[in-house]
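The next block is data.cif, given as mmCIF, C-alpha atoms and all ligand atoms.
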```cif
data_entry
#
loop_
_atom_site.group_PDB
_atom_site.id
_atom_site.type_symbol
_atom_site.label_atom_id
_atom_site.label_comp_id
_atom_site.auth_asym_id
_atom_site.auth_seq_id
_atom_site.Cartn_x
_atom_site.Cartn_y
_atom_site.Cartn_z
ATOM 1 C CA MET A 1164 0.000 0.000 0.000
ATOM 2 C CA ASN A 1165 1.593 3.296 -1.038
ATOM 3 C CA VAL A 1166 1.287 6.759 0.551
ATOM 4 C CA ASN A 1167 -1.037 8.094 -2.172
ATOM 5 C CA ARG A 1168 -3.480 5.290 -1.536
ATOM 6 C CA LEU A 1169 -3.396 5.999 2.218
ATOM 7 C CA THR A 1170 -4.232 9.664 1.565
ATOM 8 C CA ALA A 1171 -7.047 8.610 -0.720
ATOM 9 C CA ILE A 1172 -8.464 6.323 1.990
ATOM 10 C CA ASP A 1173 -8.183 9.123 4.568
ATOM 11 C CA ASP A 1174 -9.918 11.584 2.232
ATOM 12 C CA SER A 1175 -12.762 9.214 1.463
ATOM 13 C CA ALA A 1176 -13.179 8.409 5.183
ATOM 14 C CA GLY A 1177 -13.293 12.160 5.963
ATOM 15 C CA ARG A 1178 -15.862 12.765 3.205
ATOM 16 C CA SER A 1179 -17.988 9.845 4.413
ATOM 17 C CA ARG A 1180 -17.870 11.142 8.019
ATOM 18 C CA GLY A 1181 -18.875 14.586 6.682
ATOM 19 C CA ARG A 1182 -21.807 13.055 4.806
ATOM 20 C CA THR A 1183 -22.896 11.064 7.898
ATOM 21 C CA PHE A 1184 -22.722 14.225 10.012
ATOM 22 C CA ARG A 1185 -24.797 16.240 7.486
ATOM 23 C CA ARG A 1186 -27.330 13.392 7.267
ATOM 24 C CA ALA A 1187 -27.597 13.282 11.078
ATOM 25 C CA LEU A 1188 -28.170 17.054 11.175
ATOM 26 C CA ALA A 1189 -30.837 16.793 8.467
ATOM 27 C CA ALA A 1190 -32.534 13.941 10.376
ATOM 28 C CA CYS A 1191 -32.562 16.011 13.587
ATOM 29 C CA GLY A 1192 -34.048 18.949 11.682
ATOM 30 C CA GLY A 1193 -36.701 16.680 10.178
ATOM 31 C CA LEU A 1194 -37.603 15.244 13.589
ATOM 32 C CA LEU A 1195 -37.932 18.720 15.106
ATOM 33 C CA ALA A 1196 -40.152 19.888 12.221
ATOM 34 C CA ALA A 1197 -42.332 16.768 12.497
ATOM 35 C CA GLY A 1198 -42.556 17.219 16.266
ATOM 36 C CA SER A 1199 -43.662 20.820 16.049
ATOM 37 C CA ALA A 1200 -46.203 20.050 13.307
ATOM 38 C CA GLY A 1201 -47.657 17.052 15.157
ATOM 39 C CA ALA A 1202 -47.858 18.694 18.565
ATOM 40 C CA GLY A 1203 -50.985 20.492 19.705
ATOM 41 C CA SER A 1204 -51.193 24.213 20.282
ATOM 42 C CA TRP A 1205 -49.080 25.890 22.944
ATOM 43 C CA THR A 1206 -52.008 26.022 25.375
ATOM 44 C CA THR A 1207 -52.481 22.251 25.274
ATOM 45 C CA ILE A 1208 -48.769 21.576 25.824
ATOM 46 C CA ASN A 1209 -48.238 24.155 28.545
ATOM 47 C CA MET A 1210 -49.894 24.276 31.971
ATOM 48 C CA PRO A 1211 -53.100 26.350 32.049
ATOM 49 C CA ARG A 1212 -52.946 29.990 33.211
ATOM 50 C CA GLY A 1213 -55.997 29.242 35.285
ATOM 51 C CA VAL A 1214 -58.625 31.537 36.731
ATOM 52 C CA THR A 1215 -57.485 32.178 40.297
ATOM 53 C CA ALA A 1216 -55.093 34.630 41.886
ATOM 54 C CA LEU A 1217 -52.784 31.743 42.837
ATOM 55 C CA SER A 1218 -52.930 29.971 39.459
ATOM 56 C CA ARG A 1219 -51.803 33.185 37.710
ATOM 57 C CA ASP A 1220 -48.927 33.527 40.184
ATOM 58 C CA ILE A 1221 -47.907 29.889 39.708
ATOM 59 C CA TYR A 1222 -48.122 30.238 35.921
ATOM 60 C CA ALA A 1223 -45.922 33.375 35.962
ATOM 61 C CA LEU A 1224 -43.379 31.562 38.152
ATOM 62 C CA HIS A 1225 -43.469 28.507 35.884
ATOM 63 C CA MET A 1226 -42.854 30.645 32.774
ATOM 64 C CA GLU A 1227 -40.019 32.548 34.436
ATOM 65 C CA VAL A 1228 -38.264 29.313 35.399
ATOM 66 C CA LEU A 1229 -38.990 27.799 31.973
ATOM 67 C CA TRP A 1230 -37.310 30.702 30.136
ATOM 68 C CA ILE A 1231 -34.308 30.574 32.488
ATOM 69 C CA CYS A 1232 -34.019 26.844 31.683
ATOM 70 C CA VAL A 1233 -34.357 27.568 27.946
ATOM 71 C CA ALA A 1234 -31.570 30.184 28.150
ATOM 72 C CA ILE A 1235 -29.331 27.738 30.058
ATOM 73 C CA ALA A 1236 -30.090 24.952 27.560
ATOM 74 C CA VAL A 1237 -29.326 27.207 24.567
ATOM 75 C CA ALA A 1238 -26.031 28.350 26.159
ATOM 76 C CA VAL A 1239 -24.901 24.857 27.231
ATOM 77 C CA PHE A 1240 -26.037 22.836 24.205
ATOM 78 C CA GLY A 1241 -25.025 25.673 21.838
ATOM 79 C CA THR A 1242 -21.497 25.659 23.251
ATOM 80 C CA MET A 1243 -21.373 21.865 23.055
ATOM 81 C CA ILE A 1244 -22.603 21.750 19.448
ATOM 82 C CA VAL A 1245 -20.199 24.511 18.319
ATOM 83 C CA ALA A 1246 -17.321 22.744 20.110
ATOM 84 C CA MET A 1247 -18.221 19.396 18.538
ATOM 85 C CA ILE A 1248 -18.422 20.867 15.029
ATOM 86 C CA ARG A 1249 -15.431 23.242 15.111
ATOM 87 C CA PHE A 1250 -13.078 21.044 17.045
ATOM 88 C CA ARG A 1251 -13.947 17.646 15.620
ATOM 89 C CA HIS A 1252 -11.308 15.010 15.100
ATOM 90 C CA SER A 1253 -11.859 14.889 11.340
ATOM 91 C CA ARG A 1254 -10.715 18.521 11.100
ATOM 92 C CA GLY A 1255 -7.503 17.639 12.846
ATOM 93 C CA ALA A 1256 -8.348 18.979 16.304
ATOM 94 C CA VAL A 1257 -5.886 18.023 19.033
ATOM 95 C CA PRO A 1258 -7.127 17.672 22.664
ATOM 96 C CA ASP A 1259 -5.835 20.337 25.068
ATOM 97 C CA THR A 1260 -4.248 18.369 27.890
ATOM 98 C CA THR A 1261 -2.696 21.371 29.649
ATOM 99 C CA MET A 1262 -5.780 22.693 31.491
ATOM 100 C CA LEU A 1263 -5.939 20.336 34.468
ATOM 101 C CA HIS A 1264 -7.163 22.788 37.112
ATOM 102 C CA SER A 1265 -8.393 26.382 37.129
ATOM 103 C CA THR A 1266 -9.567 27.994 40.370
ATOM 104 C CA LYS A 1267 -10.954 30.937 38.415
ATOM 105 C CA ALA A 1268 -13.112 28.668 36.230
ATOM 106 C CA GLU A 1269 -14.369 26.743 39.290
ATOM 107 C CA ILE A 1270 -15.375 29.963 41.069
ATOM 108 C CA ILE A 1271 -17.223 31.185 37.958
ATOM 109 C CA TRP A 1272 -19.121 27.949 37.391
ATOM 110 C CA THR A 1273 -20.107 27.824 41.074
ATOM 111 C CA ILE A 1274 -21.215 31.451 41.394
ATOM 112 C CA ILE A 1275 -23.313 31.558 38.201
ATOM 113 C CA PRO A 1276 -25.596 28.605 39.193
ATOM 114 C CA VAL A 1277 -25.931 30.001 42.736
ATOM 115 C CA VAL A 1278 -27.083 33.368 41.319
ATOM 116 C CA ILE A 1279 -29.547 31.582 38.992
ATOM 117 C CA LEU A 1280 -30.939 29.533 41.920
ATOM 118 C CA VAL A 1281 -31.369 32.648 44.092
ATOM 119 C CA VAL A 1282 -33.116 34.461 41.205
ATOM 120 C CA MET A 1283 -35.560 31.526 40.988
ATOM 121 C CA ALA A 1284 -35.887 30.997 44.752
ATOM 122 C CA VAL A 1285 -37.104 34.516 45.591
ATOM 123 C CA PRO A 1286 -40.362 34.459 43.553
ATOM 124 C CA ALA A 1287 -40.847 30.733 44.345
ATOM 125 C CA THR A 1288 -40.689 31.397 48.102
ATOM 126 C CA LYS A 1289 -43.089 34.340 47.752
ATOM 127 C CA SER A 1290 -45.591 32.115 45.904
ATOM 128 C CA LEU A 1291 -45.202 29.280 48.424
ATOM 129 C CA LEU A 1292 -45.881 31.644 51.337
ATOM 130 C CA LYS A 1293 -48.964 32.951 49.535
ATOM 131 C CA ILE A 1294 -50.209 29.400 48.851
ATOM 132 C CA GLU A 1295 -49.888 28.458 52.540
ATOM 133 C CA ASP A 1296 -51.556 31.634 53.824
ATOM 134 C CA THR A 1297 -55.185 30.654 54.360
ATOM 135 C CA ARG A 1298 -55.968 33.598 56.662
ATOM 136 C CA GLY A 1299 -58.785 36.031 55.924
ATOM 137 C CA SER A 1300 -61.024 33.628 54.022
ATOM 138 C CA GLY A 1301 -64.629 34.581 53.327
ATOM 139 C CA LEU A 1302 -65.966 31.036 53.108
ATOM 140 C CA THR A 1303 -64.819 27.686 54.471
ATOM 141 C CA ILE A 1304 -65.864 24.332 53.049
ATOM 142 C CA ARG A 1305 -64.977 20.936 54.416
ATOM 143 C CA VAL A 1306 -64.084 18.481 51.650
ATOM 144 C CA THR A 1307 -64.030 14.758 52.446
ATOM 145 C CA GLY A 1308 -62.854 12.130 50.005
ATOM 146 C CA TYR A 1309 -64.551 8.739 49.901
ATOM 147 C CA GLN A 1310 -64.067 5.705 47.716
ATOM 148 C CA TRP A 1311 -65.292 7.033 45.242
ATOM 149 C CA LYS A 1312 -67.009 10.353 45.711
ATOM 150 C CA TRP A 1313 -66.562 13.728 47.396
ATOM 151 C CA GLN A 1314 -68.517 15.276 50.244
ATOM 152 C CA TYR A 1315 -68.786 19.055 50.624
ATOM 153 C CA GLN A 1316 -69.911 20.633 53.911
ATOM 154 C CA TYR A 1317 -70.209 24.423 54.080
ATOM 155 C CA GLN A 1318 -69.213 26.221 57.274
ATOM 156 C CA GLY A 1319 -69.893 29.703 58.668
ATOM 157 C CA ASP A 1320 -72.805 31.622 57.133
ATOM 158 C CA ALA A 1321 -73.615 28.714 54.827
ATOM 159 C CA ALA A 1322 -73.433 26.128 57.644
ATOM 160 C CA GLY A 1323 -75.885 23.289 57.244
ATOM 161 C CA ILE A 1324 -75.457 23.068 53.496
ATOM 162 C CA GLY A 1325 -73.733 19.861 52.558
ATOM 163 C CA PHE A 1326 -73.963 17.126 49.958
ATOM 164 C CA PHE A 1327 -72.173 14.288 48.248
ATOM 165 C CA SER A 1328 -70.858 14.796 44.754
ATOM 166 C CA THR A 1329 -70.762 11.626 42.674
ATOM 167 C CA LEU A 1330 -70.170 10.739 39.039
ATOM 168 C CA SER A 1331 -73.142 11.773 36.874
ATOM 169 C CA ALA A 1332 -75.596 9.054 35.870
ATOM 170 C CA SER A 1333 -74.885 9.543 32.134
ATOM 171 C CA SER A 1334 -71.145 8.888 32.597
ATOM 172 C CA ASN A 1335 -71.831 6.069 35.047
ATOM 173 C CA PHE A 1336 -74.138 4.231 32.608
ATOM 174 C CA ALA A 1337 -71.740 4.704 29.703
ATOM 175 C CA ARG A 1338 -68.738 3.395 31.641
ATOM 176 C CA GLN A 1339 -70.328 0.025 32.437
ATOM 177 C CA LEU A 1340 -68.972 -2.955 30.519
ATOM 178 C CA HIS A 1341 -71.056 -3.634 27.365
ATOM 179 C CA SER A 1342 -73.167 -0.532 28.034
ATOM 180 C CA GLY A 1343 -73.451 -0.017 24.288
ATOM 181 C CA ILE A 1344 -73.115 3.737 24.840
ATOM 182 C CA ASP A 1345 -70.373 5.510 22.929
ATOM 183 C CA PRO A 1346 -68.538 7.636 25.540
ATOM 184 C CA LYS A 1347 -67.914 10.262 22.861
ATOM 185 C CA THR A 1348 -71.639 10.977 22.852
ATOM 186 C CA VAL A 1349 -71.695 11.652 26.615
ATOM 187 C CA PRO A 1350 -71.086 15.322 27.459
ATOM 188 C CA ASN A 1351 -68.033 15.744 29.730
ATOM 189 C CA TYR A 1352 -67.610 11.985 29.994
ATOM 190 C CA LEU A 1353 -66.170 11.075 33.444
ATOM 191 C CA LEU A 1354 -65.859 14.791 34.208
ATOM 192 C CA SER A 1355 -69.419 15.495 35.307
ATOM 193 C CA VAL A 1356 -71.147 15.023 38.660
ATOM 194 C CA ASP A 1357 -74.650 15.079 40.096
ATOM 195 C CA HIS A 1358 -74.004 17.940 42.571
ATOM 196 C CA PRO A 1359 -71.134 20.302 41.767
ATOM 197 C CA LEU A 1360 -69.381 22.318 44.444
ATOM 198 C CA VAL A 1361 -70.704 25.888 44.292
ATOM 199 C CA ILE A 1362 -68.444 28.801 45.242
ATOM 200 C CA PRO A 1363 -68.493 32.580 44.699
ATOM 201 C CA SER A 1364 -65.923 34.441 42.599
ATOM 202 C CA GLY A 1365 -63.824 37.210 44.147
ATOM 203 C CA VAL A 1366 -63.942 35.574 47.599
ATOM 204 C CA LYS A 1367 -61.117 33.691 49.289
ATOM 205 C CA VAL A 1368 -62.568 30.202 49.741
ATOM 206 C CA ARG A 1369 -60.748 27.956 52.199
ATOM 207 C CA LEU A 1370 -61.031 24.213 51.699
ATOM 208 C CA LEU A 1371 -60.387 21.855 54.619
ATOM 209 C CA LEU A 1372 -59.511 18.512 53.095
ATOM 210 C CA THR A 1373 -59.680 15.122 54.714
ATOM 211 C CA SER A 1374 -60.650 11.579 53.827
ATOM 212 C CA ALA A 1375 -62.855 8.885 55.283
ATOM 213 C CA ASP A 1376 -60.917 5.923 53.899
ATOM 214 C CA VAL A 1377 -57.772 6.159 51.756
ATOM 215 C CA ILE A 1378 -55.665 9.036 50.433
ATOM 216 C CA HIS A 1379 -57.392 11.076 47.727
ATOM 217 C CA ALA A 1380 -56.326 14.392 46.208
ATOM 218 C CA TRP A 1381 -58.520 17.296 45.238
ATOM 219 C CA TRP A 1382 -57.305 18.822 41.974
ATOM 220 C CA VAL A 1383 -58.810 21.344 39.583
ATOM 221 C CA PRO A 1384 -56.124 22.378 37.053
ATOM 222 C CA ASP A 1385 -57.696 25.785 36.355
ATOM 223 C CA PHE A 1386 -57.362 26.665 40.054
ATOM 224 C CA GLY A 1387 -53.631 25.863 39.971
ATOM 225 C CA MET A 1388 -53.895 23.897 43.198
ATOM 226 C CA LYS A 1389 -53.886 20.269 44.264
ATOM 227 C CA ARG A 1390 -54.009 18.975 47.830
ATOM 228 C CA SER A 1391 -54.072 15.514 49.352
ATOM 229 C CA ALA A 1392 -57.084 14.418 51.387
ATOM 230 C CA ILE A 1393 -55.622 12.114 54.042
ATOM 231 C CA PRO A 1394 -57.562 10.131 56.680
ATOM 232 C CA GLY A 1395 -56.952 11.580 60.150
ATOM 233 C CA PHE A 1396 -55.438 14.810 58.823
ATOM 234 C CA ILE A 1397 -56.909 18.125 57.738
ATOM 235 C CA ASN A 1398 -55.081 19.825 54.881
ATOM 236 C CA GLU A 1399 -55.860 23.368 53.859
ATOM 237 C CA MET A 1400 -55.902 25.104 50.525
ATOM 238 C CA TRP A 1401 -57.522 28.249 49.214
ATOM 239 C CA ILE A 1402 -59.084 29.402 45.986
ATOM 240 C CA LYS A 1403 -59.960 32.911 44.900
ATOM 241 C CA VAL A 1404 -61.494 32.840 41.443
ATOM 242 C CA LEU A 1405 -60.956 36.153 39.681
ATOM 243 C CA PRO A 1406 -64.161 38.167 39.179
ATOM 244 C CA GLY A 1407 -65.403 37.765 35.625
ATOM 245 C CA LYS A 1408 -64.172 34.165 35.471
ATOM 246 C CA GLU A 1409 -67.424 32.606 36.671
ATOM 247 C CA GLY A 1410 -68.275 29.268 35.084
ATOM 248 C CA VAL A 1411 -67.887 25.537 35.496
ATOM 249 C CA TYR A 1412 -64.434 24.096 36.152
ATOM 250 C CA ARG A 1413 -63.556 20.433 36.163
ATOM 251 C CA GLY A 1414 -60.936 18.300 37.845
ATOM 252 C CA GLN A 1415 -60.244 14.824 39.131
ATOM 253 C CA CYS A 1416 -58.986 12.918 42.132
ATOM 254 C CA ALA A 1417 -55.220 12.974 41.717
ATOM 255 C CA ALA A 1418 -54.183 10.182 44.098
ATOM 256 C CA LEU A 1419 -54.511 6.579 42.997
ATOM 257 C CA CYS A 1420 -57.204 5.647 45.498
ATOM 258 C CA GLY A 1421 -58.505 2.283 44.375
ATOM 259 C CA ARG A 1422 -60.615 0.557 41.757
ATOM 260 C CA ASP A 1423 -62.822 3.508 40.831
ATOM 261 C CA HIS A 1424 -60.181 6.221 41.182
ATOM 262 C CA GLY A 1425 -60.983 7.416 37.669
ATOM 263 C CA PHE A 1426 -64.680 7.795 38.483
ATOM 264 C CA MET A 1427 -64.710 10.489 41.176
ATOM 265 C CA PRO A 1428 -64.409 13.743 39.247
ATOM 266 C CA ILE A 1429 -64.623 17.222 40.710
ATOM 267 C CA VAL A 1430 -66.883 19.886 39.244
ATOM 268 C CA VAL A 1431 -66.957 23.428 40.610
ATOM 269 C CA ASP A 1432 -69.646 25.902 39.644
ATOM 270 C CA VAL A 1433 -68.281 29.408 40.221
ATOM 271 C CA LYS A 1434 -71.030 31.991 40.597
ATOM 272 C CA THR A 1435 -70.991 35.763 41.096
ATOM 273 C CA GLN A 1436 -71.324 36.775 44.745
ATOM 274 C CA ALA A 1437 -74.984 37.821 44.227
ATOM 275 C CA ASP A 1438 -75.841 34.521 42.522
ATOM 276 C CA PHE A 1439 -74.000 32.596 45.235
ATOM 277 C CA LYS A 1440 -75.997 34.359 47.975
ATOM 278 C CA GLU A 1441 -79.181 33.456 46.135
ATOM 279 C CA TRP A 1442 -78.036 29.825 45.856
ATOM 280 C CA VAL A 1443 -77.255 29.712 49.611
ATOM 281 C CA ALA A 1444 -80.717 31.148 50.386
ATOM 282 C CA GLN A 1445 -82.348 28.522 48.137
ATOM 283 C CA GLN A 1446 -80.386 25.695 49.747
ATOM 284 C CA LYS A 1447 -81.282 26.907 53.242
ATOM 285 C CA ALA A 1448 -84.963 27.213 52.297
ATOM 286 C CA ALA A 1449 -84.889 23.648 50.938
ATOM 287 C CA LEU A 1450 -83.216 22.453 54.160
ATOM 288 C CA LYS A 1451 -85.875 24.194 56.266
ATOM 289 C CA GLN A 1452 -88.663 22.684 54.195
ATOM 290 C CA ALA A 1453 -87.117 19.231 54.530
ATOM 291 C CA SER A 1454 -86.814 19.577 58.324
ATOM 292 C CA VAL A 1455 -90.439 20.791 58.582
ATOM 293 C CA GLY A 1456 -91.479 17.803 56.448
ATOM 294 C CA ARG A 1457 -89.511 15.434 58.692
ATOM 295 C CA ALA A 1458 -91.019 16.974 61.877
ATOM 296 C CA GLY A 1459 -94.518 16.687 60.365
ATOM 297 C CA GLY A 1460 -93.882 13.061 59.434
ATOM 298 C CA ALA A 1461 -92.675 12.295 62.973
ATOM 299 C CA LEU A 1462 -95.785 13.919 64.520
ATOM 300 C CA THR A 1463 -98.081 11.938 62.174
ATOM 301 C CA ALA A 1464 -96.274 8.706 63.085
ATOM 302 C CA GLN A 1465 -96.613 9.564 66.797
ATOM 303 C CA ALA A 1466 -100.356 10.302 66.403
ATOM 304 C CA LEU A 1467 -100.910 7.021 64.545
ATOM 305 C CA ASN A 1468 -99.116 5.100 67.287
HETATM 306 CU CU CU A 1501 -59.733 9.342 45.040
#
```

Have the structure of the file written as structure tokens, please.
Amino acid sequence: MNVNRLTAIDDSAGRSRGRTFRRALAACGGLLAAGSAGAGSWTTINMPRGVTALSRDIYALHMEVLWICVAIAVAVFGTMIVAMIRFRHSRGAVPDTTMLHSTKAEIIWTIIPVVILVVMAVPATKSLLKIEDTRGSGLTIRVTGYQWKWQYQYQGDAAGIGFFSTLSASSNFARQLHSGIDPKTVPNYLLSVDHPLVIPSGVKVRLLLTSADVIHAWWVPDFGMKRSAIPGFINEMWIKVLPGKEGVYRGQCAALCGRDHGFMPIVVDVKTQADFKEWVAQQKAALKQASVGRAGGALTAQALN
């Protein structure tokens, strides 16, 4: 084998490596393009902004941290990609074996991450403190998880109002084996209940969460909050739906709580304060009527005896 032939082999190997590299780059580009075309819109990929004071705070924090991570990723991967392309072996790059230790470099790459962490920790701590601060609430509701339903018991001015919230009959029929019902035809399949939780907008609503059997978790994504409901414990969380954001919001139990874990959804009907007052008055009137009916029934039974 002569020297010319060796050079020829080297050249062809270099060209083939170049082609492989370009093909790999093209494949990566193709994958990225396919990924972005196939993915849903930004709002379905990202977490929801939500409708409460806390959810907006959490969303802002999430976006801030996301963009910091994006900047770090661009800087780190960008440097790596440039280094791999410019200083690749096929271009004759020789490894630098002289830089074994640099105190200056170590100080820089320790201080920069610490500064980044502090920049992220300040707003995160503020949000955490806000999340835990349940003082000054205008309404308190006790929420109890059961296998597999939720119980809501209003306290304070709305005391006495309470009910169980279970999967709606339409979803329950459709979910049965061989029901013959196409779930796609059921509105809000597995996300609808018989009695939704009713709360007012613009009021700090405190939820006291517990459970009567196993660990459940109360979670409505649009409220930005999720809390565990644990037997023997009372966990707190608060919601303040922004005025103008009245409507129906849906969520699910977020702790794997047994066979029918997927069949205990959460539905919250957020009303204006005036409508909520009216609803409370209606519920109390119905309660009064029921107690009068019960008392009447008891008297009739006594008379008959
Ligand atoms: Cu559950």

Between A:Gly1343, A:Gly1421, A:Gly1301, A:Gly1319, which is the closest to ligand CU 1501 (chain A) once you count all atoms listed in the file?
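Comparing A:Gly1343, A:Gly1421, A:Gly1301, A:Gly1319 against ligand CU 1501 (chain A), the winner is A:Gly1421.
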
Using all atoms listed in the file, which protein or nucleic acid residues are at most 8 Å from ligand CU 1501 (chain A), as an mmCIF file with C-alpha atoms, in the frame of the given file?
```
data_model
loop_
_atom_site.group_PDB
_atom_site.id
_atom_site.type_symbol
_atom_site.label_atom_id
_atom_site.label_comp_id
_atom_site.auth_asym_id
_atom_site.auth_seq_id
_atom_site.Cartn_x
_atom_site.Cartn_y
_atom_site.Cartn_z
ATOM 1 C CA GLY A 1308 -62.854 12.130 50.005
ATOM 2 C CA TYR A 1309 -64.551 8.739 49.901
ATOM 3 C CA GLN A 1310 -64.067 5.705 47.716
ATOM 4 C CA TRP A 1311 -65.292 7.033 45.242
ATOM 5 C CA LYS A 1312 -67.009 10.353 45.711
ATOM 6 C CA VAL A 1377 -57.772 6.159 51.756
ATOM 7 C CA ILE A 1378 -55.665 9.036 50.433
ATOM 8 C CA HIS A 1379 -57.392 11.076 47.727
ATOM 9 C CA ALA A 1380 -56.326 14.392 46.208
ATOM 10 C CA CYS A 1416 -58.986 12.918 42.132
ATOM 11 C CA ALA A 1417 -55.220 12.974 41.717
ATOM 12 C CA ALA A 1418 -54.183 10.182 44.098
ATOM 13 C CA LEU A 1419 -54.511 6.579 42.997
ATOM 14 C CA CYS A 1420 -57.204 5.647 45.498
ATOM 15 C CA GLY A 1421 -58.505 2.283 44.375
ATOM 16 C CA ASP A 1423 -62.822 3.508 40.831
ATOM 17 C CA HIS A 1424 -60.181 6.221 41.182
ATOM 18 C CA GLY A 1425 -60.983 7.416 37.669
ATOM 19 C CA MET A 1427 -64.710 10.489 41.176
#
```

Residues near Ile1221 (chain A), anyone? I mean within 9 Å using all atoms listed in the file, not counting same-chain ones fewer than 2 positions away, as a PyMOL selection string.
chain A and resi 1212+1216-1219+1223-1226+1287+1290+1387

Just how far from CA of Thr1215 (chain A) is CA of Lys1408 (chain A), in Å to one decimal?
8.5 Å

Between CA of Arg1305 (chain A) and CA of Ile1429 (chain A), measure the distance and give it in Å to one decimal.
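Result for CA of Arg1305 (chain A) versus CA of Ile1429 (chain A): 14.2 Å, one decimal.
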
Can you translate the PyMOL selection byres (((chain A and resi 1406) around 6) and not hetatm) into the concrete residues it hits in this file, as a ChimeraX atom specification?
/A:1364-1365,1405,1407-1408

Go ahead and write the residues just picked, C-alpha atoms, as a PDB file, in the coordinates of the input.
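Contents of the output file result_22.pdb:
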```pdb
ATOM      1  CA  SER A1364     -65.923  34.441  42.599  1.00  0.00           C
ATOM      2  CA  GLY A1365     -63.824  37.210  44.147  1.00  0.00           C
ATOM      3  CA  LEU A1405     -60.956  36.153  39.681  1.00  0.00           C
ATOM      4  CA  GLY A1407     -65.403  37.765  35.625  1.00  0.00           C
ATOM      5  CA  LYS A1408     -64.172  34.165  35.471  1.00  0.00           C
TER       6      LYS A1408
END
```

Starting from the displayed file, determine the output of the PyMOL selection byres (((chain A and resi 1431) around 6) and not hetatm) and express the residue list as a PyMOL selection string.
chain A and resi 1359-1361+1411-1412+1430+1432

May I have the selected residues written with C-alpha atoms, as a PDB file, in the frame of the given file?
```pdb
ATOM      1  CA  PRO A1359     -71.134  20.302  41.767  1.00  0.00           C
ATOM      2  CA  LEU A1360     -69.381  22.318  44.444  1.00  0.00           C
ATOM      3  CA  VAL A1361     -70.704  25.888  44.292  1.00  0.00           C
ATOM      4  CA  VAL A1411     -67.887  25.537  35.496  1.00  0.00           C
ATOM      5  CA  TYR A1412     -64.434  24.096  36.152  1.00  0.00           C
ATOM      6  CA  VAL A1430     -66.883  19.886  39.244  1.00  0.00           C
ATOM      7  CA  ASP A1432     -69.646  25.902  39.644  1.00  0.00           C
TER       8      ASP A1432
END
```
